[in-house]
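A.B. asks: One structure is given below, represented as C-alpha cells, and several questions about it will come after.
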Amino acid sequence: MLELTLLAAFVLSVGLLFHTYALYVPILYVLSSIFPNSSTDRPDDTPSVALVIAAYNEADVIAEKIENSLALAYPDDELSIVVFSDASSDDTDEIVRSYADDGVELVRIEGRVGKTECQNRVVAQRDEDIIVFSDANSMYDPDAIRNLVSSFAPGVGCVVGELTYRDSSDVDGESVYWRYESLIKRLESKLNSSAAGNGSIYAVRRSSYVPLQSGAISDFAEPLAIVGSGERVTYAPDAVAWENTGEGVDEELERRSRIVTRAWHTLANNLQLLNPVRHPVFAFQLTSHKLLRWLSPVFLGVALAANLGLVLVDSSPLYLGLLAAQLACYGLAGVGALLERTSISTPTVVHIPHYFVVANYGMLVGLWNFLQGENIVTWDTASRQSDQS
C-alpha cells in the first residue's frame, strides 16, 4: 500500500510537470490547428496612441528610451509619449523634462505607490484610443507601435508584443525560456486568448482598460480583467521590443519570487477564470500555462521525496534509475552555480539546469510569500524586467 501511494504521488507530480513544460505546447498546436480563432481582420487605420513608459530611477536608460520612442514609425500627431516617474530620486525627472519641447510628458507620482497604481492614475488622464505600456529599458523596433495597433481585430481588448533579448547577455537559459514563452503565446492567441501579458510591450484599448488593485501585477492582471470582460488578448510577434537580460542567473531568483508573489495574489482575485464551465478554453490555458507552472517546485519536491521513498521500499533498477536522473539534474545545476561565481564560461549543459532550479526556487519563495499574506508593490531598476513567469 505504501509503495502504491508513493508511486501515485511520483507519477502525478511528474505527469503535471510534463504537462506544463512539455505536453501543453503540442496540445495547443493541435487544438489551434483544428479550432483556429476566426477573428483575423486587421484594421488599417492609425488611431491615437499614448505610449506610457514606467520609470523609477532610470537615469541610465531613460534618454535612450525617449530617443527610441521619438523615432517610432507612427504619425506624430497620433502618438503621445508619457513617462510616469514613481517618485524617482535620481535624475530621471530632469532628463524627461529636457524633452518637453519634443512633446514628451512627465507625470511624477509621489509616495512610491508602485507600477500598477501609477498606470491606473495615468490612464485615467488619457483620452487616446490605445494605451501602450512599456518599461524604460525596453527599446522598440521602429514599427512596433504600428504592428501593435494593427492587431486590434474586433473583439480584441489587449495586444501583447514580442520581447527579444540582445546578444550581449550570456544568460542563455533565460533566452531559451523567453523563446519558449513566445511560442506558447503565439499558439494560445491562435486558439483563443493569450494567458499572459508582457510589461515591456503591450497595448490596451482605452475603452477596455480596467483599473487594478495596486498589489496586482499589471501585465498579468489587466489581460485577465479584459478576458473576464468578454474580450480577447492576442499576440503580435511582429511588434518587437529589445532588452538586455540580467547580469547573471542569481538575479533571476529575486525577479521570479517578486513576480510570482504578485501573480498569486492576482490569480486569487480572478479565480472565476479558472471555472471550466464559464471559460472552458481559457481555464485550461490559465491552469496549464500559469497555475501548474507556479506549482512546479512543489511537484519537483514531491517527485524527489516520493522517489526516495520508493527506493527505500523497493530498490528496483527502475526506481534507482529515476532517482539517479533527478540527482544528476540537480548535480548539474550545482556545478552551474559554482561556475557562475567564477570567471569560467558556463557550458549550456550546466547553465540551463542551474537557471531552471533557481527559477523554481524563486517560484517557491513567491508561493510562500503568498501563503504568508505578503505582497510586493514597488519595483526597482534591478528587477524591472517584464513581469512574466
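By order in the C-alpha cells, chains are A, B, ...; within a chain, residues start at 1; ligands start at 1, following the order shown.
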So that I can check the surroundings of Trp294 of chain A, please list as a CSV table (one decimal) with C-alpha atoms, in the first residue's frame every protein, DNA and RNA residue that reaches within 12 Å of it, counting only C-alpha atoms and ignoring chain neighbours fewer than 2 positions away.

C.D. replies:
```
chain,number,residue,atom,x,y,z
A,16,LEU,CA,1.8,17.5,-14.1
A,17,LEU,CA,5.4,18.8,-14.6
A,20,THR,CA,3.0,22.2,-18.1
A,21,TYR,CA,6.6,22.1,-19.5
A,256,ARG,CA,10.9,35.4,-10.1
A,257,SER,CA,10.0,35.5,-6.5
A,259,ILE,CA,6.7,38.3,-9.9
A,260,VAL,CA,5.2,35.0,-8.6
A,261,THR,CA,4.3,36.6,-5.3
A,262,ARG,CA,2.3,39.2,-7.0
A,263,ALA,CA,0.9,36.8,-9.6
A,264,TRP,CA,-0.6,34.5,-7.0
A,267,LEU,CA,-4.8,35.0,-9.7
A,286,LEU,CA,-4.6,29.5,-17.5
A,287,THR,CA,-4.2,26.3,-15.5
A,288,SER,CA,-1.7,24.7,-17.8
A,289,HIS,CA,0.4,27.8,-18.5
A,290,LYS,CA,0.4,29.6,-15.1
A,291,LEU,CA,-1.1,27.7,-12.2
A,292,LEU,CA,0.7,24.4,-12.8
A,296,SER,CA,6.2,23.2,-10.3
A,297,PRO,CA,8.6,23.5,-7.3
A,298,VAL,CA,6.1,21.7,-5.2
A,299,PHE,CA,5.8,18.9,-7.8
A,300,LEU,CA,9.6,18.7,-8.0
A,359,ALA,CA,13.7,29.9,-11.3
A,360,ASN,CA,11.8,27.2,-9.5
A,361,TYR,CA,13.2,28.2,-6.1
A,362,GLY,CA,12.1,31.7,-6.9
A,363,MET,CA,8.6,30.4,-7.6
A,364,LEU,CA,8.7,28.5,-4.3
A,365,VAL,CA,9.6,31.7,-2.5
A,366,GLY,CA,6.7,33.5,-4.3
A,367,LEU,CA,4.2,30.8,-3.3
A,368,TRP,CA,5.4,31.0,0.3
A,370,PHE,CA,1.5,34.5,-1.0
A,388,GLN,CA,6.3,37.2,-16.7
A,389,SER,CA,6.8,33.8,-15.2
```

A.B. asks: For Val61 of chain A, please output as a ChimeraX atom specification all residues within 12 Å (counting only C-alpha atoms; exclusion window: fewer than 4 positions along the same chain).

C.D. replies: /A:53-57,65-68,91-92,95-96,135-139,243-244,381

A.B. asks: With segment 188-200 of chain A as the partner and 12 Å as the cut-off, tabulate the residues of segment 248-282 of chain A that qualify, each row holding the nearest pair of atoms and their distance in Å to one decimal, using only C-alpha atoms, sorted by chain and rising number, as JSON lines.

C.D. replies:
```
{"residue": "A:Ile259", "atom": "CA", "partner": "A:Gly199", "partner_atom": "CA", "distance": 11.3}
{"residue": "A:Ala263", "atom": "CA", "partner": "A:Ala196", "partner_atom": "CA", "distance": 10.6}
{"residue": "A:Thr266", "atom": "CA", "partner": "A:Ala196", "partner_atom": "CA", "distance": 12.0}
{"residue": "A:Leu267", "atom": "CA", "partner": "A:Ala195", "partner_atom": "CA", "distance": 11.3}
{"residue": "A:Leu273", "atom": "CA", "partner": "A:Ala195", "partner_atom": "CA", "distance": 10.4}
{"residue": "A:Leu274", "atom": "CA", "partner": "A:Ala195", "partner_atom": "CA", "distance": 11.4}
{"residue": "A:His279", "atom": "CA", "partner": "A:Asn192", "partner_atom": "CA", "distance": 10.6}
{"residue": "A:Pro280", "atom": "CA", "partner": "A:Asn192", "partner_atom": "CA", "distance": 10.5}
{"residue": "A:Val281", "atom": "CA", "partner": "A:Asn192", "partner_atom": "CA", "distance": 7.2}
{"residue": "A:Phe282", "atom": "CA", "partner": "A:Ser193", "partner_atom": "CA", "distance": 7.0}
```

A.B. asks: Which residue out of A:Ala283, A:Cys158, A:Ile145, A:Val14 has the minimum interatomic distance to Ser229 of chain A when only C-alpha atoms are used?

C.D. replies: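 When distances to Ser229 of chain A are compared using only C-alpha atoms, the smallest one comes from A:Cys158.
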
A.B. asks: For segment 113-121 of chain A, work out the shell of residues within 12 Å, counting only C-alpha atoms and skipping chain neighbours fewer than 4 positions away, then give it as a ChimeraX atom specification.

C.D. replies: /A:50-56,82-88,107-109,125-126,131-136,199,204,206,209-222,262,266,375-380,384,386-387

A.B. asks: Taking the DSSP secondary structure from the backbone, can you list the residues of segment 123-196 of chain A that are helix (DSSP H, G or I), as a list in words?

C.D. replies: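 Those in segment 123-196 of chain A that DSSP calls helix (DSSP H, G or I) are Val123, Ala124, Gln125, Ala144, Ile145, Arg146, Asn147, Leu148, Val149, Asp172, Gly173, Glu174, Ser175, Val176, Tyr177, Trp178, Arg179, Tyr180, Glu181, Ser182, Leu183, Ile184, Lys185, Arg186, Leu187, Glu188, Ser189, Lys190 and Leu191 of chain A.
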
A.B. asks: List the neighbours of Glu78 of chain A out to 8 Å using only C-alpha atoms; skip same-chain residues closer than 5 positions along the sequence, and give me the result as number ranges by chain.

C.D. replies: A: 46-49

A.B. asks: Choose the residue, out of A:Leu187, A:Leu253, A:Ile34, A:Leu224, that has the smallest atom-to-atom separation from Ala236 of chain A; count only C-alpha atoms.

C.D. replies: A:Leu187

A.B. asks: Using only C-alpha atoms, determine which residues lie at most 10 Å from Thr5 of chain A, disregarding the query and same-chain residues fewer than 4 positions distant; provide the list as a list in words.

C.D. replies: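 Contacts, in chain order: Met1, Ala9, Phe10, Val11, Ala306 and Leu310 of chain A.
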
A.B. asks: Can you write out the residues you just picked, keeping N, CA and C atoms, as a tab-separated table (two decimals), in the first residue's frame?

C.D. replies:
```tsv
chain	number	residue	atom	x	y	z
A	1	MET	N	0.83	-1.21	0.00
A	1	MET	CA	0.00	0.00	0.00
A	1	MET	C	0.87	1.26	0.00
A	9	ALA	N	2.00	9.32	-6.05
A	9	ALA	CA	2.46	10.69	-5.84
A	9	ALA	C	3.55	11.05	-6.85
A	10	PHE	N	4.45	10.10	-7.11
A	10	PHE	CA	5.53	10.36	-8.07
A	10	PHE	C	4.97	10.54	-9.48
A	11	VAL	N	4.10	9.64	-9.90
A	11	VAL	CA	3.56	9.70	-11.25
A	11	VAL	C	2.73	10.96	-11.45
A	306	ALA	N	9.04	11.28	-3.09
A	306	ALA	CA	8.38	10.02	-3.38
A	306	ALA	C	9.36	9.01	-3.97
A	310	LEU	N	10.35	5.38	-2.58
A	310	LEU	CA	10.24	4.16	-3.39
A	310	LEU	C	11.53	3.35	-3.35
```

A.B. asks: Could you jot down the atom CA of Arg166 of chain A to atom CA of Gly103 of chain A separation for me, Å, one decimal place?

C.D. replies: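 Distance between the two atoms: 28.9 Å.
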